[in-house]
>>> print(open('entry-v4.txt').read())   # compact mmCIF, C-alpha atoms
# COMPACT_ATOMS: atom_id res chain seq x y z
CA MET A 528 1.70 20.92 -2.30
CA PRO A 529 2.38 20.70 1.45
CA HIS A 530 5.89 21.63 2.56
CA LEU A 531 6.92 18.92 4.99
CA PRO A 532 10.48 18.21 6.16
CA ASN A 533 12.43 15.04 5.49
CA ALA A 534 12.74 13.60 8.97
CA VAL A 535 15.67 11.38 7.97
CA GLN A 536 17.85 14.28 6.85
CA TRP A 537 17.09 16.26 10.00
CA SER A 538 17.95 13.22 12.15
CA ILE A 539 21.39 12.43 10.69
CA PRO A 540 23.27 14.30 13.48
CA ALA A 541 21.30 12.29 16.06
CA PHE A 542 22.10 9.06 14.22
CA VAL A 543 25.82 9.85 14.36
CA LEU A 544 25.74 10.90 18.01
CA LEU A 545 23.77 7.85 19.17
CA THR A 546 26.02 5.50 17.24
CA VAL A 547 29.11 7.02 18.85
CA VAL A 548 27.49 6.67 22.27
CA GLU A 549 26.70 3.01 21.59
CA VAL A 550 30.25 2.28 20.38
CA VAL A 551 31.69 3.94 23.49
CA SER A 552 29.29 2.01 25.71
CA TYR A 553 30.67 -1.28 24.34
CA ARG A 554 34.20 -0.06 25.01
CA LEU A 555 33.44 0.94 28.58
CA HIS A 556 31.03 -1.88 29.43
CA PRO A 557 31.64 -4.93 27.19
CA ASP A 558 28.86 -7.49 27.02
CA GLU A 559 29.87 -11.06 26.27
CA ASP A 560 26.29 -11.92 25.31
CA ALA A 561 25.99 -9.13 22.74
CA GLU A 562 27.45 -9.08 19.23
CA GLY A 563 28.62 -5.47 19.49
CA TYR A 564 30.56 -3.92 16.61
CA ALA A 565 32.97 -5.11 13.94
CA ALA A 566 34.66 -2.47 11.78
CA LYS A 567 34.05 -4.13 8.40
CA ASP A 568 30.43 -4.94 9.21
CA ALA A 569 29.69 -1.40 10.40
CA ALA A 570 31.43 0.09 7.35
CA THR A 571 29.31 -2.06 5.06
CA SER A 572 26.13 -0.98 6.82
CA VAL A 573 27.04 2.71 6.54
CA THR A 574 27.97 2.27 2.87
CA MET A 575 24.64 0.58 2.16
CA GLY A 576 22.86 3.46 3.86
CA LEU A 577 24.68 6.11 1.85
CA GLY A 578 24.12 4.16 -1.35
CA SER A 579 20.41 3.89 -0.64
CA LEU A 580 20.15 7.69 -0.56
CA VAL A 581 21.58 7.86 -4.07
CA PHE A 582 19.49 5.04 -5.52
CA ASP A 583 16.32 6.28 -3.84
CA LEU A 584 16.67 9.49 -5.85
CA MET A 585 16.66 7.41 -9.03
CA TRP A 586 13.60 5.38 -8.06
CA LYS A 587 11.80 8.50 -6.85
CA ILE A 588 11.24 9.85 -10.37
CA PRO A 589 8.89 7.14 -11.71
CA ILE A 590 7.33 6.53 -8.28
CA VAL A 591 6.44 10.20 -7.81
CA ALA A 592 4.97 10.20 -11.32
CA VAL A 593 2.67 7.28 -10.45
CA TYR A 594 1.70 8.75 -7.08
CA THR A 595 0.96 12.12 -8.66
CA ALA A 596 -1.23 10.53 -11.32
CA VAL A 597 -3.22 8.59 -8.70
CA HIS A 598 -3.61 11.72 -6.56
CA GLU A 599 -4.85 13.72 -9.54
CA LEU A 600 -7.36 11.04 -10.51
CA THR A 601 -8.95 10.62 -7.08
CA PRO A 602 -11.63 13.13 -6.07
CA LEU A 603 -10.75 12.68 -2.41
CA ARG A 604 -8.53 15.10 -0.51
CA VAL A 605 -7.13 14.83 3.01
CA PRO A 606 -5.87 18.19 4.27
CA VAL A 607 -2.50 18.35 5.99
CA GLU A 608 -3.47 19.68 9.42
CA TRP A 609 -2.30 19.12 12.97
CA TRP A 610 -5.16 16.70 13.58
CA THR A 611 -4.82 14.75 10.30
CA LEU A 612 -1.08 14.05 10.59
CA PRO A 613 -1.48 11.50 13.42
CA LEU A 614 -4.11 9.70 11.33
CA MET A 615 -1.78 9.72 8.32
CA LEU A 616 1.03 8.33 10.45
CA LEU A 617 -1.29 5.58 11.65
CA ALA A 618 -2.34 4.73 8.08
CA GLN A 619 1.28 4.76 6.90
CA ASP A 620 2.33 2.48 9.74
CA PHE A 621 -0.48 0.08 8.85
CA SER A 622 0.64 0.11 5.20
CA TYR A 623 4.24 -0.37 6.29
CA TYR A 624 3.27 -3.48 8.23
CA TRP A 625 1.86 -5.11 5.08
CA SER A 626 4.76 -3.92 2.95
CA HIS A 627 7.25 -5.31 5.44
CA ARG A 628 5.36 -8.59 5.76
CA GLY A 629 5.10 -8.90 1.98
CA HIS A 630 8.83 -8.33 1.62
CA HIS A 631 9.41 -11.39 3.82
CA VAL A 632 7.02 -13.82 2.14
CA VAL A 633 7.44 -13.04 -1.59
CA ARG A 634 10.91 -13.86 -2.85
CA ILE A 635 11.27 -11.07 -5.43
CA LEU A 636 10.36 -8.59 -2.68
CA TRP A 637 12.65 -10.36 -0.21
CA ALA A 638 15.49 -9.81 -2.70
CA CYS A 639 15.17 -6.11 -1.85
CA HIS A 640 14.67 -6.43 1.90
CA VAL A 641 17.22 -9.19 2.55
CA VAL A 642 19.91 -6.49 2.54
CA HIS A 643 18.66 -5.19 5.86
CA HIS A 644 18.91 -8.65 7.43
CA SER A 645 22.32 -9.58 6.03
CA SER A 646 24.39 -8.51 9.04
CA ARG A 647 25.13 -11.04 11.78
CA ARG A 648 25.40 -8.17 14.25
CA PHE A 649 22.68 -6.00 15.70
CA ASN A 650 23.59 -2.43 16.50
CA LEU A 651 22.63 1.07 15.43
CA THR A 652 24.62 0.84 12.19
CA THR A 653 22.44 -2.14 11.23
CA ALA A 654 19.56 0.33 10.94
CA LEU A 655 21.53 2.07 8.18
CA ARG A 656 21.92 -1.13 6.14
CA GLN A 657 19.24 -0.24 3.63
CA PRO A 658 18.50 -1.74 0.19
CA TRP A 659 19.27 -0.07 -3.11
CA THR A 660 16.20 -1.45 -4.91
CA THR A 661 13.26 0.08 -3.06
CA TRP A 662 11.18 0.16 -6.24
CA THR A 663 9.27 -2.79 -4.74
CA VAL A 664 7.84 -0.74 -1.86
CA TRP A 665 5.71 1.90 -3.57
CA PRO A 666 2.58 -0.19 -4.42
CA PHE A 667 1.73 -0.66 -0.74
CA TYR A 668 1.12 3.08 -0.30
CA VAL A 669 -1.08 3.62 -3.37
CA PRO A 670 -4.28 3.06 -1.30
CA MET A 671 -3.35 5.98 0.97
CA ILE A 672 -2.93 8.27 -2.03
CA ALA A 673 -6.13 6.97 -3.63
CA LEU A 674 -7.90 7.98 -0.40
CA GLY A 675 -6.68 11.55 -0.86
CA VAL A 676 -3.40 11.73 1.07
CA HIS A 677 -0.87 13.89 -0.77
CA PRO A 678 2.29 12.03 -1.91
CA ALA A 679 4.43 14.52 0.03
CA ALA A 680 2.54 13.64 3.21
CA VAL A 681 3.11 9.92 2.56
CA ALA A 682 6.84 10.62 2.10
CA PHE A 683 6.93 12.59 5.35
CA CYS A 684 5.19 9.82 7.30
CA SER A 685 7.54 7.24 5.80
CA SER A 686 10.56 9.29 6.90
CA VAL A 687 9.17 9.56 10.43
CA ASN A 688 8.64 5.79 10.50
CA LEU A 689 12.21 5.19 9.33
CA VAL A 690 13.63 7.57 11.93
CA TYR A 691 11.67 5.88 14.70
CA GLN A 692 13.11 2.50 13.77
CA PHE A 693 16.71 3.66 14.13
CA TRP A 694 16.85 3.41 17.93
CA ILE A 695 15.30 -0.07 18.11
CA HIS A 696 18.37 -1.62 16.43
CA THR A 697 20.32 -2.15 19.63
CA GLU A 698 21.16 -4.78 22.21
CA ARG A 699 21.98 -2.14 24.83
CA ILE A 700 18.32 -1.70 25.79
CA GLY A 701 16.51 -4.60 27.40
CA THR A 702 12.74 -4.52 27.84
CA LEU A 703 10.76 -1.38 28.50
CA PRO A 704 7.66 -0.88 30.71
CA ARG A 705 4.82 -3.24 29.80
CA PRO A 706 2.48 -0.60 28.23
CA VAL A 707 5.30 0.51 25.91
CA GLU A 708 6.14 -3.07 24.96
CA PHE A 709 2.45 -3.76 24.31
CA LEU A 710 1.84 -0.81 21.97
CA PHE A 711 5.15 0.07 20.35
CA ASN A 712 7.91 -1.62 18.43
CA THR A 713 10.88 -1.81 20.79
CA PRO A 714 14.46 -3.13 20.70
CA SER A 715 13.25 -6.38 22.25
CA HIS A 716 10.59 -6.89 19.58
CA HIS A 717 12.94 -5.92 16.76
CA ARG A 718 15.71 -8.23 17.94
CA VAL A 719 13.24 -11.05 17.37
CA HIS A 720 12.55 -9.75 13.88
CA HIS A 721 16.26 -9.82 12.97
CA ALA A 722 16.79 -13.32 14.37
CA SER A 723 17.37 -16.32 12.12
CA GLN A 724 16.17 -19.18 14.31
CA GLY A 725 12.93 -21.03 13.59
CA ASP A 726 10.33 -19.63 15.99
CA TYR A 727 11.53 -16.07 15.39
CA LEU A 728 11.48 -16.17 11.57
CA ASP A 729 9.04 -13.80 9.85
CA ARG A 730 7.73 -12.20 13.04
CA ASN A 731 7.25 -8.68 14.43
CA PHE A 732 6.84 -6.71 11.20
CA GLY A 733 5.59 -3.50 12.80
CA GLY A 734 7.29 -0.17 12.19
CA ILE A 735 6.26 2.19 14.99
CA LEU A 736 3.44 0.12 16.47
CA ILE A 737 3.59 -3.56 17.37
CA VAL A 738 -0.20 -3.78 17.69
CA TRP A 739 -0.50 -4.80 14.02
CA ASP A 740 1.50 -7.94 14.76
CA ARG A 741 -0.71 -8.67 17.75
CA LEU A 742 -3.84 -8.19 15.63
CA PHE A 743 -2.66 -10.29 12.69
CA ARG A 744 -0.95 -13.02 14.74
CA THR A 745 2.64 -12.38 13.71
CA PHE A 746 3.88 -11.30 17.13
CA VAL A 747 6.41 -13.31 19.11
CA PRO A 748 8.04 -12.06 22.35
CA GLU A 749 11.76 -12.30 22.96
CA THR A 750 12.37 -15.36 25.11
CA GLU A 751 15.79 -16.63 24.02
CA ARG A 752 18.82 -14.83 22.73
CA PRO A 753 18.47 -14.14 18.99
CA VAL A 754 20.96 -15.39 16.43
CA TYR A 755 21.22 -12.60 13.87
CA GLY A 756 21.64 -12.80 10.13
CA LEU A 757 20.17 -15.04 7.46
CA THR A 758 19.34 -18.72 7.54
CA LYS A 759 22.11 -18.98 4.92
CA ASN A 760 24.59 -16.16 5.43
CA ILE A 761 26.41 -14.59 2.49
CA ASP A 762 29.83 -14.01 4.14
CA THR A 763 30.73 -10.84 2.26
CA TYR A 764 31.32 -7.18 3.04
CA ASN A 765 31.16 -6.16 -0.63
CA PRO A 766 28.29 -3.63 -0.86
CA LEU A 767 27.43 -4.57 -4.46
CA ARG A 768 27.11 -8.26 -3.53
CA VAL A 769 25.12 -7.40 -0.42
CA ALA A 770 22.73 -5.35 -2.55
CA THR A 771 22.27 -7.89 -5.36
CA HIS A 772 23.02 -11.40 -4.10
CA GLU A 773 19.39 -12.54 -3.86
CA TYR A 774 18.55 -11.22 -7.34
CA VAL A 775 21.52 -13.23 -8.65
CA ALA A 776 20.24 -16.32 -6.82
CA ILE A 777 16.76 -15.85 -8.28
CA ALA A 778 18.16 -15.53 -11.81
CA ARG A 779 20.22 -18.69 -11.30
CA ASP A 780 17.22 -20.63 -9.99
CA VAL A 781 14.95 -19.43 -12.81
CA ALA A 782 17.54 -20.43 -15.41
CA ALA A 783 17.72 -23.93 -13.93
CA ALA A 784 13.95 -24.30 -13.46
CA ARG A 785 11.97 -27.08 -15.15
CA GLY A 786 8.93 -25.37 -16.57
CA TRP A 787 6.99 -22.15 -16.05
CA ARG A 788 5.36 -23.24 -12.80
CA GLU A 789 8.73 -23.67 -11.16
CA ARG A 790 9.97 -20.39 -12.65
CA ALA A 791 7.00 -18.56 -11.17
CA GLY A 792 7.56 -20.24 -7.80
CA ARG A 793 11.21 -19.24 -7.77
CA VAL A 794 10.19 -15.60 -8.20
CA PHE A 795 6.86 -15.16 -6.42
CA ALA A 796 6.73 -17.87 -3.74
CA GLY A 797 8.41 -17.56 -0.36
CA PRO A 798 12.21 -17.31 -0.05
CA GLY A 799 12.43 -20.93 1.13
CA TRP A 800 10.14 -22.37 -1.55
CA ARG A 801 11.27 -25.53 -3.31
CA PRO A 802 9.47 -27.32 -6.15
CA GLY A 803 7.89 -30.67 -5.41
CA PRO A 804 8.99 -33.81 -7.22
CA ALA A 805 8.05 -34.11 -10.86
CA PRO A 806 4.87 -36.17 -11.41
CA GLU A 807 6.81 -38.99 -13.06
CA ALA A 808 9.15 -39.14 -10.05
CA VAL A 809 6.28 -39.86 -7.65
CA ARG A 810 5.90 -43.58 -7.07
CA PRO A 811 2.18 -44.51 -7.25
CA ASP A 812 0.75 -46.70 -4.53
CA PRO A 813 0.63 -50.30 -5.77
CA VAL A 814 -2.88 -51.52 -6.30
CA GLY A 815 -4.05 -53.70 -3.48
CA GLU A 816 -1.52 -52.49 -0.89
CA GLY A 817 -3.14 -50.94 2.13
>>> encode(input="entry-v4.txt", output="structure tokens")
Amino acid sequence: MPHLPNAVQWSIPAFVLLTVVEVVSYRLHPDEDAEGYAAKDAATSVTMGLGSLVFDLMWKIPIVAVYTAVHELTPLRVPVEWWTLPLMLLAQDFSYYWSHRGHHVVRILWACHVVHHSSRRFNLTTALRQPWTTWTVWPFYVPMIALGVHPAAVAFCSSVNLVYQFWIHTERIGTLPRPVEFLFNTPSHHRVHHASQGDYLDRNFGGILIVWDRLFRTFVPETERPVYGLTKNIDTYNPLRVATHEYVAIARDVAAARGWRERAGRVFAGPGWRPGPAPEAVRPDPVGEG
């Protein structure tokens, strides 16, 4: 088993330092066009981040068991070497793109990811606002393990990806040089991703690289100031409600559904899905009217 560090744990001091620097920068140079910080919002984000560390340990047990079984069954093996790690990071970033995109377009997956989008502010503490139900993420990385990548290497690449995304949750950085903006996910690109207005919805899913969005036509540049949050905000700082509100909404919609088709749609269709009118409610065209 390869011994690879957890990049998130090693980066915690940097997270704290950069957050303090950002808070001080707003104090010294206020920006009327930026959302900045609010104490309750930031506290909720930090609490969600700490809670995610605890719950991730719980989910890790069955997920590691599945990953280990897949790795044992496959005859393929990818060695952990200096030259294979960049390829693993690339494969993980590609898998992350599809995981992230899936968590926006399938409602039961969105119920996990919506936590990260629930703040109406965009600052470095927003990066810490992580879900407590990450059991929906693991299937997207099974192909990597089936191709011979050790589960510990996948975990390491995922931690590197998460650490990279910390610094892009800020309004204090504008746009970067064009080659950087073309290849990498940047604060400008990620502000679009966290926006709630129409043209920005469900765009810019990349983790480290933005090239996946360019390839698969989900990229949109930042042209107008984003409005952060959800299309229907939840107006709460209660961490338990932040973590579970969409699951509660799904359960309520399923209970009120008329038939199994609608129940399935409420769970597996997009977050904004609504059932069409019942067949008997559709007025047929009168015969002879053109």
>>> residues_around(input="entry-v4.txt", residues="range 634-637 of chain A", least_positions_apart="2", cutoff="9 Å", atoms="all atoms listed in the file", output="list of chain:residue names")
A:Gly629, A:His630, A:His631, A:Val632, A:Cys639, A:His640, A:Val641, A:Val642, A:Thr663, A:Val664, A:Glu773, A:Tyr774, A:Ile777, A:Gly792, A:Arg793, A:Val794, A:Phe795, A:Ala796, A:Gly797, A:Pro798, A:Gly799, A:Trp800
>>> write_last_selection(input="entry-v4.txt", atoms="C-alpha atoms", output="JSON list (two decimals), in the coordinates of the input")
[["chain", "number", "residue", "atom", "x", "y", "z"],
["A", 629, "GLY", "CA", 5.10, -8.90, 1.98],
["A", 630, "HIS", "CA", 8.83, -8.33, 1.62],
["A", 631, "HIS", "CA", 9.41, -11.39, 3.82],
["A", 632, "VAL", "CA", 7.02, -13.82, 2.14],
["A", 639, "CYS", "CA", 15.17, -6.11, -1.85],
["A", 640, "HIS", "CA", 14.67, -6.43, 1.90],
["A", 641, "VAL", "CA", 17.22, -9.19, 2.55],
["A", 642, "VAL", "CA", 19.91, -6.49, 2.54],
["A", 663, "THR", "CA", 9.27, -2.79, -4.74],
["A", 664, "VAL", "CA", 7.84, -0.74, -1.86],
["A", 773, "GLU", "CA", 19.39, -12.54, -3.86],
["A", 774, "TYR", "CA", 18.55, -11.22, -7.34],
["A", 777, "ILE", "CA", 16.76, -15.85, -8.28],
["A", 792, "GLY", "CA", 7.56, -20.24, -7.80],
["A", 793, "ARG", "CA", 11.21, -19.24, -7.77],
["A", 794, "VAL", "CA", 10.19, -15.60, -8.20],
["A", 795, "PHE", "CA", 6.86, -15.16, -6.42],
["A", 796, "ALA", "CA", 6.73, -17.87, -3.74],
["A", 797, "GLY", "CA", 8.41, -17.56, -0.36],
["A", 798, "PRO", "CA", 12.21, -17.31, -0.05],
["A", 799, "GLY", "CA", 12.43, -20.93, 1.13],
["A", 800, "TRP", "CA", 10.14, -22.37, -1.55]]
>>> closest_atom_pairs(input="entry-v4.txt", of="range 569-652 of chain A", to="range 704-727 of chain A", cutoff="10 Å", atoms="only C-alpha atoms", output="CSV")
residue,atom,partner,partner_atom,distance
A:His643,CA,A:His721,CA,8.8
A:His644,CA,A:His721,CA,6.3
A:Ser645,CA,A:His721,CA,9.2
A:Ser646,CA,A:His721,CA,9.1
A:Arg647,CA,A:Ala722,CA,9.0
A:Arg648,CA,A:His721,CA,9.4
A:Phe649,CA,A:Arg718,CA,7.7
A:Asn650,CA,A:Arg718,CA,9.9
>>> closest_atom_pairs(input="entry-v4.txt", of="range 547-604 of chain A", to="range 667-690 of chain A", cutoff="7 Å", atoms="all atoms listed in the file", output="JSON lines")
{"residue": "A:Tyr594", "atom": "CA", "partner": "A:Pro678", "partner_atom": "CA", "distance": 6.2}
{"residue": "A:Thr595", "atom": "CA", "partner": "A:Pro678", "partner_atom": "CA", "distance": 6.9}
{"residue": "A:Val597", "atom": "CA", "partner": "A:Ala673", "partner_atom": "CA", "distance": 6.1}
{"residue": "A:His598", "atom": "CA", "partner": "A:Ile672", "partner_atom": "CA", "distance": 5.7}
{"residue": "A:Thr601", "atom": "CA", "partner": "A:Ala673", "partner_atom": "CA", "distance": 5.8}
{"residue": "A:Leu603", "atom": "CA", "partner": "A:Gly675", "partner_atom": "CA", "distance": 4.5}
{"residue": "A:Arg604", "atom": "CA", "partner": "A:Gly675", "partner_atom": "CA", "distance": 4.0}
>>> residues_around(input="entry-v4.txt", residues="Trp739 in chain A", least_positions_apart="2", cutoff="12 Å", atoms="only C-alpha atoms", output="PDB file with C-alpha atoms, in the coordinates of the input")
ATOM      1  CA  LEU A 617      -1.290   5.580  11.650  1.00  0.00           C
ATOM      2  CA  ALA A 618      -2.340   4.730   8.080  1.00  0.00           C
ATOM      3  CA  ASP A 620       2.330   2.480   9.740  1.00  0.00           C
ATOM      4  CA  PHE A 621      -0.480   0.080   8.850  1.00  0.00           C
ATOM      5  CA  SER A 622       0.640   0.110   5.200  1.00  0.00           C
ATOM      6  CA  TYR A 623       4.240  -0.370   6.290  1.00  0.00           C
ATOM      7  CA  TYR A 624       3.270  -3.480   8.230  1.00  0.00           C
ATOM      8  CA  TRP A 625       1.860  -5.110   5.080  1.00  0.00           C
ATOM      9  CA  HIS A 627       7.250  -5.310   5.440  1.00  0.00           C
ATOM     10  CA  ARG A 628       5.360  -8.590   5.760  1.00  0.00           C
ATOM     11  CA  PHE A 709       2.450  -3.760  24.310  1.00  0.00           C
ATOM     12  CA  LEU A 710       1.840  -0.810  21.970  1.00  0.00           C
ATOM     13  CA  PHE A 711       5.150   0.070  20.350  1.00  0.00           C
ATOM     14  CA  ASN A 712       7.910  -1.620  18.430  1.00  0.00           C
ATOM     15  CA  ARG A 730       7.730 -12.200  13.040  1.00  0.00           C
ATOM     16  CA  ASN A 731       7.250  -8.680  14.430  1.00  0.00           C
ATOM     17  CA  PHE A 732       6.840  -6.710  11.200  1.00  0.00           C
ATOM     18  CA  GLY A 733       5.590  -3.500  12.800  1.00  0.00           C
ATOM     19  CA  GLY A 734       7.290  -0.170  12.190  1.00  0.00           C
ATOM     20  CA  ILE A 735       6.260   2.190  14.990  1.00  0.00           C
ATOM     21  CA  LEU A 736       3.440   0.120  16.470  1.00  0.00           C
ATOM     22  CA  ILE A 737       3.590  -3.560  17.370  1.00  0.00           C
ATOM     23  CA  ARG A 741      -0.710  -8.670  17.750  1.00  0.00           C
ATOM     24  CA  LEU A 742      -3.840  -8.190  15.630  1.00  0.00           C
ATOM     25  CA  PHE A 743      -2.660 -10.290  12.690  1.00  0.00           C
ATOM     26  CA  ARG A 744      -0.950 -13.020  14.740  1.00  0.00           C
ATOM     27  CA  THR A 745       2.640 -12.380  13.710  1.00  0.00           C
ATOM     28  CA  PHE A 746       3.880 -11.300  17.130  1.00  0.00           C
TER      29      PHE A 746
END
>>> closest_residue(input="entry-v4.txt", among="A:Arg656, A:His772, A:Arg788, A:His530", to="Val573 in chain A", atoms="all atoms listed in the file")
A:Arg656
>>> atom_distance(input="entry-v4.txt", atom1="CA of Arg801 in chain A", atom2="CA of Val781 in chain A")
11.9 Å
>>> axis_aligned_box(input="entry-v4.txt", around="range 792-796 of chain A", padding_each_side="3 Å", output="lines of an AutoDock Vina configuration file")
center_x = 9.0
center_y = -17.7
center_z = -6.0
size_x = 10.5
size_y = 11.1
size_z = 10.5
>>> residues_around(input="entry-v4.txt", residues="Ala570 in chain A", least_positions_apart="3", cutoff="10 Å", atoms="all atoms listed in the file", output="number ranges by chain")
A: 565-567, 573-576, 652, 656, 764, 766
>>> atom_distance(input="entry-v4.txt", atom1="CA of Thr653 in chain A", atom2="CA of Leu545 in chain A")
12.8 Å
>>> closest_residue(input="entry-v4.txt", among="A:Leu580, A:Thr758, A:Gln619, A:Tyr564", to="Gln536 in chain A", atoms="only C-alpha atoms")
A:Leu580
>>> closest_residue(input="entry-v4.txt", among="A:Ala783, A:Val548, A:Val591, A:Val535", to="Thr697 in chain A", atoms="all atoms listed in the file")
A:Val548
>>> residues_near_point(input="entry-v4.txt", point="(27.3, 0.4, 23.0)", cutoff="10 Å", atoms="all atoms listed in the file", output="JSON, numbers by chain")
{"A": [545, 546, 547, 548, 549, 550, 551, 552, 553, 554, 555, 556, 557, 558, 561, 563, 564, 650, 651, 697, 698, 699, 700]}
>>> build_atoms(input="entry-v4.txt", residues="range 677-688 of chain A", atoms="N, CA, C and O atoms", output="compact mmCIF listing (two decimals), in the coordinates of the input")
# COMPACT_ATOMS: atom_id res chain seq x y z
N HIS A 677 -1.84 13.36 0.19
CA HIS A 677 -0.87 13.89 -0.77
C HIS A 677 0.41 13.06 -0.74
O HIS A 677 0.85 12.64 0.34
N PRO A 678 1.04 12.80 -1.90
CA PRO A 678 2.29 12.03 -1.91
C PRO A 678 3.37 12.60 -0.99
O PRO A 678 4.14 11.84 -0.39
N ALA A 679 3.44 13.92 -0.86
CA ALA A 679 4.43 14.52 0.03
C ALA A 679 4.16 14.16 1.48
O ALA A 679 5.09 13.98 2.28
N ALA A 680 2.89 14.03 1.85
CA ALA A 680 2.54 13.64 3.21
C ALA A 680 2.90 12.18 3.46
O ALA A 680 3.36 11.82 4.55
N VAL A 681 2.71 11.33 2.44
CA VAL A 681 3.11 9.92 2.56
C VAL A 681 4.61 9.83 2.76
O VAL A 681 5.12 9.07 3.60
N ALA A 682 5.38 10.62 1.98
CA ALA A 682 6.84 10.62 2.10
C ALA A 682 7.27 11.08 3.48
O ALA A 682 8.20 10.52 4.08
N PHE A 683 6.60 12.10 4.01
CA PHE A 683 6.93 12.59 5.35
C PHE A 683 6.67 11.51 6.40
O PHE A 683 7.52 11.25 7.27
N CYS A 684 5.51 10.87 6.33
CA CYS A 684 5.19 9.82 7.30
C CYS A 684 6.17 8.65 7.20
O CYS A 684 6.56 8.08 8.22
N SER A 685 6.58 8.32 5.98
CA SER A 685 7.54 7.24 5.80
C SER A 685 8.88 7.60 6.43
O SER A 685 9.55 6.75 7.03
N SER A 686 9.29 8.86 6.30
CA SER A 686 10.56 9.29 6.90
C SER A 686 10.48 9.27 8.42
O SER A 686 11.45 8.89 9.09
N VAL A 687 9.34 9.63 8.98
CA VAL A 687 9.17 9.56 10.43
C VAL A 687 9.25 8.11 10.90
O VAL A 687 9.89 7.79 11.92
N ASN A 688 8.62 7.21 10.16
CA ASN A 688 8.64 5.79 10.50
C ASN A 688 10.07 5.26 10.47
O ASN A 688 10.50 4.53 11.37
